[in-house]
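Below is one structure, written out as structure tokens; comments come after it.
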Amino acid sequence: MPERESLYDHAGGAQALHRLEDVFYGKVLADPLLKSLFPHRRPHHVEHLTWFTAESLGGPDRFTRELGFRHLIDVHRDLAITDEQRARFAELYEAALDEAGLPDDAAFRAAVRSHIDFGSRVAQQNSHARSEEELHPLREVPKWQW
């Protein structure tokens, strides 16, 4: 039986994921509930989000090679992400999937929802951690599959 394509390939690769993250980043910057978590438009944020998502979904490991997972931990520290903000983040991400024209088949969307739910929980935990011991134990980009 042939191996199933990666979520990265199914999504449309780097170009499609860049489009997704660009739409998503615009949404969070404009959202009253989330804009405090993203106080400044950072010129490389969309690119970094794209690298992370690509690697998570089975694409190139550029995020790990160029930034490293510690970068992700550090940018979430002290944000004190609320449950409401975490839910809104997921809601906007799902809307961005539609607007960016990513596949809408049930299996792909379920995998992405699961990825966003997990990732936003890790980010939320890390945003409240007062010590290294309180951080989520994840120390590498998670690899998501079907």
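Chain lettering (A, B, ...) mirrors the order of the structure tokens, residue numbering begins at 1 for each chain separately, and ligand numbering begins at 1 in order of display.
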### Task
Tell me which protein, DNA and RNA residues are within 10 Å of Arg62 in chain A, counting only C-alpha atoms, leaving out same-chain ones fewer than 4 positions away, and put them as a ChimeraX atom specification.
/A:48,50-52,54-55,66-68
### Task
Go through chain A and collect every residue that DSSP, computed from the backbone, puts in alpha helix (DSSP H); the answer should be as a count of residues only.
88
### Task
Excluding Glu140 in chain A and residues on its chain fewer than 3 positions from it, collect all residues at most 9 Å away from it, counting only C-alpha atoms, and give them as a ChimeraX atom specification.
/A:64,68-70,143
### Query
Residues at most 7 Å from range 113-123 of chain A, counting only C-alpha atoms, excluding those fewer than 5 positions away in the same chain, as a PyMOL selection string?
chain A and resi 76+86+90+136+144
Store the residues picked out above, limited to N, CA and C atoms, as a PDB file, in the first residue's frame.
```pdb
ATOM      1  N   HIS A  76       6.465  32.904  23.934  1.00  0.00           N
ATOM      2  CA  HIS A  76       5.188  32.748  24.629  1.00  0.00           C
ATOM      3  C   HIS A  76       5.270  33.017  26.127  1.00  0.00           C
ATOM      4  N   ARG A  86      -7.224  31.609  23.801  1.00  0.00           N
ATOM      5  CA  ARG A  86      -6.836  30.368  23.140  1.00  0.00           C
ATOM      6  C   ARG A  86      -7.948  29.892  22.209  1.00  0.00           C
ATOM      7  N   ALA A  90      -7.881  29.637  17.902  1.00  0.00           N
ATOM      8  CA  ALA A  90      -8.281  28.469  17.118  1.00  0.00           C
ATOM      9  C   ALA A  90      -9.394  28.824  16.132  1.00  0.00           C
ATOM     10  N   HIS A 136       5.639  23.324  29.537  1.00  0.00           N
ATOM     11  CA  HIS A 136       5.244  22.061  28.939  1.00  0.00           C
ATOM     12  C   HIS A 136       6.522  21.304  28.581  1.00  0.00           C
ATOM     13  N   TRP A 144       2.914  16.356  13.045  1.00  0.00           N
ATOM     14  CA  TRP A 144       1.504  15.992  12.971  1.00  0.00           C
ATOM     15  C   TRP A 144       1.255  15.135  11.757  1.00  0.00           C
TER      16      TRP A 144
END
```
### Message
Need the shell around Leu37 in chain A: protein/DNA/RNA residues with any atom at most 10 Å away, counting only C-alpha atoms. Skip same-chain ones fewer than 4 positions apart. Format as a PyMOL selection string?
### Response
chain A and resi 28-29+33+76+79-81+85
Taking all heavy atoms for each residue, export the selection above as a PDB file, in the first residue's frame.
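What ended up in part39.pdb:
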```
ATOM      1  N   VAL A  28      -5.311  38.069  13.590  1.00  0.00           N
ATOM      2  CA  VAL A  28      -4.994  38.234  15.012  1.00  0.00           C
ATOM      3  C   VAL A  28      -4.558  39.657  15.328  1.00  0.00           C
ATOM      4  O   VAL A  28      -4.847  40.169  16.411  1.00  0.00           O
ATOM      5  CB  VAL A  28      -3.951  37.215  15.535  1.00  0.00           C
ATOM      6  CG1 VAL A  28      -4.485  35.800  15.401  1.00  0.00           C
ATOM      7  CG2 VAL A  28      -2.611  37.357  14.875  1.00  0.00           C
ATOM      8  N   LEU A  29      -3.881  40.310  14.391  1.00  0.00           N
ATOM      9  CA  LEU A  29      -3.458  41.692  14.629  1.00  0.00           C
ATOM     10  C   LEU A  29      -4.658  42.624  14.760  1.00  0.00           C
ATOM     11  O   LEU A  29      -4.588  43.635  15.461  1.00  0.00           O
ATOM     12  CB  LEU A  29      -2.550  42.184  13.506  1.00  0.00           C
ATOM     13  CG  LEU A  29      -1.149  41.596  13.467  1.00  0.00           C
ATOM     14  CD1 LEU A  29      -0.418  42.070  12.214  1.00  0.00           C
ATOM     15  CD2 LEU A  29      -0.350  41.971  14.707  1.00  0.00           C
ATOM     16  N   LEU A  33      -9.545  40.793  21.013  1.00  0.00           N
ATOM     17  CA  LEU A  33      -9.177  39.871  22.083  1.00  0.00           C
ATOM     18  C   LEU A  33      -7.720  39.411  21.984  1.00  0.00           C
ATOM     19  O   LEU A  33      -7.075  39.141  22.994  1.00  0.00           O
ATOM     20  CB  LEU A  33     -10.111  38.658  22.045  1.00  0.00           C
ATOM     21  CG  LEU A  33      -9.984  37.647  23.175  1.00  0.00           C
ATOM     22  CD1 LEU A  33     -10.240  38.309  24.533  1.00  0.00           C
ATOM     23  CD2 LEU A  33     -10.963  36.511  22.954  1.00  0.00           C
ATOM     24  N   HIS A  76       6.465  32.904  23.934  1.00  0.00           N
ATOM     25  CA  HIS A  76       5.188  32.748  24.629  1.00  0.00           C
ATOM     26  C   HIS A  76       5.270  33.017  26.127  1.00  0.00           C
ATOM     27  O   HIS A  76       4.228  33.177  26.775  1.00  0.00           O
ATOM     28  CB  HIS A  76       4.606  31.347  24.371  1.00  0.00           C
ATOM     29  CG  HIS A  76       4.148  31.169  22.971  1.00  0.00           C
ATOM     30  ND1 HIS A  76       4.862  30.446  22.048  1.00  0.00           N
ATOM     31  CD2 HIS A  76       3.063  31.653  22.327  1.00  0.00           C
ATOM     32  CE1 HIS A  76       4.216  30.493  20.890  1.00  0.00           C
ATOM     33  NE2 HIS A  76       3.130  31.211  21.033  1.00  0.00           N
ATOM     34  N   LEU A  79       3.041  35.756  28.493  1.00  0.00           N
ATOM     35  CA  LEU A  79       1.875  36.303  27.794  1.00  0.00           C
ATOM     36  C   LEU A  79       0.582  36.082  28.566  1.00  0.00           C
ATOM     37  O   LEU A  79      -0.404  36.772  28.327  1.00  0.00           O
ATOM     38  CB  LEU A  79       1.747  35.689  26.393  1.00  0.00           C
ATOM     39  CG  LEU A  79       2.793  36.089  25.361  1.00  0.00           C
ATOM     40  CD1 LEU A  79       2.536  35.373  24.041  1.00  0.00           C
ATOM     41  CD2 LEU A  79       2.817  37.595  25.157  1.00  0.00           C
ATOM     42  N   ALA A  80       0.557  35.119  29.462  1.00  0.00           N
ATOM     43  CA  ALA A  80      -0.623  34.815  30.276  1.00  0.00           C
ATOM     44  C   ALA A  80      -1.878  34.643  29.405  1.00  0.00           C
ATOM     45  O   ALA A  80      -2.906  35.281  29.613  1.00  0.00           O
ATOM     46  CB  ALA A  80      -0.838  35.874  31.345  1.00  0.00           C
ATOM     47  N   ILE A  81      -1.793  33.760  28.439  1.00  0.00           N
ATOM     48  CA  ILE A  81      -2.887  33.498  27.500  1.00  0.00           C
ATOM     49  C   ILE A  81      -4.085  32.918  28.258  1.00  0.00           C
ATOM     50  O   ILE A  81      -3.949  31.966  29.018  1.00  0.00           O
ATOM     51  CB  ILE A  81      -2.422  32.529  26.398  1.00  0.00           C
ATOM     52  CG1 ILE A  81      -1.277  33.147  25.599  1.00  0.00           C
ATOM     53  CG2 ILE A  81      -3.590  32.137  25.490  1.00  0.00           C
ATOM     54  CD1 ILE A  81      -0.556  32.170  24.678  1.00  0.00           C
ATOM     55  N   GLN A  85      -8.800  33.611  24.939  1.00  0.00           N
ATOM     56  CA  GLN A  85      -7.860  33.945  23.867  1.00  0.00           C
ATOM     57  C   GLN A  85      -7.449  32.700  23.094  1.00  0.00           C
ATOM     58  O   GLN A  85      -7.342  32.725  21.866  1.00  0.00           O
ATOM     59  CB  GLN A  85      -6.622  34.642  24.435  1.00  0.00           C
ATOM     60  CG  GLN A  85      -6.897  36.062  24.883  1.00  0.00           C
ATOM     61  CD  GLN A  85      -5.735  36.655  25.651  1.00  0.00           C
ATOM     62  OE1 GLN A  85      -5.090  35.990  26.470  1.00  0.00           O
ATOM     63  NE2 GLN A  85      -5.468  37.935  25.396  1.00  0.00           N
TER      64      GLN A  85
END
```
### Query
Separation of CA of Pro103 in chain A and CA of Asp61 in chain A, in Å?
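Value for the CA of Pro103 in chain A-CA of Asp61 in chain A distance: 22.3 Å.
Proximity ranking of A:Gly58, A:Leu72, A:Pro43, A:Asn126 relative to Arg4 in chain A places A:Gly58 first, based on only C-alpha atoms.
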### Task
For each of A:Ala95, A:Pro137, A:Ala106, A:Leu57, take the minimum atom-to-atom distance to Gly12 in chain A, counting only C-alpha atoms, then give the residue where this is smallest.
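With only C-alpha atoms as the atom set, the closest residue is A:Leu57.
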### Query
Which of these, A:Leu92, A:Asp105, A:Asp83, A:Leu7, has the shortest distance to Phe24 in chain A once you count only C-alpha atoms?
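Counting only C-alpha atoms, the residue closest to Phe24 in chain A is A:Leu92.
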### Task
Go through A:Tyr8, A:Ala110, A:Arg77, A:Glu47 and flag the residue nearest Pro60 in chain A, using only C-alpha atoms for the distances.
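For Pro60 in chain A, the nearest of the given residues is A:Tyr8.
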### Query
Which one is closest to Arg19 in chain A: A:Val46, A:Ala100, A:Leu34, A:Ala87? Count only C-alpha atoms.
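For Arg19 in chain A, the nearest of the given residues is A:Ala100.
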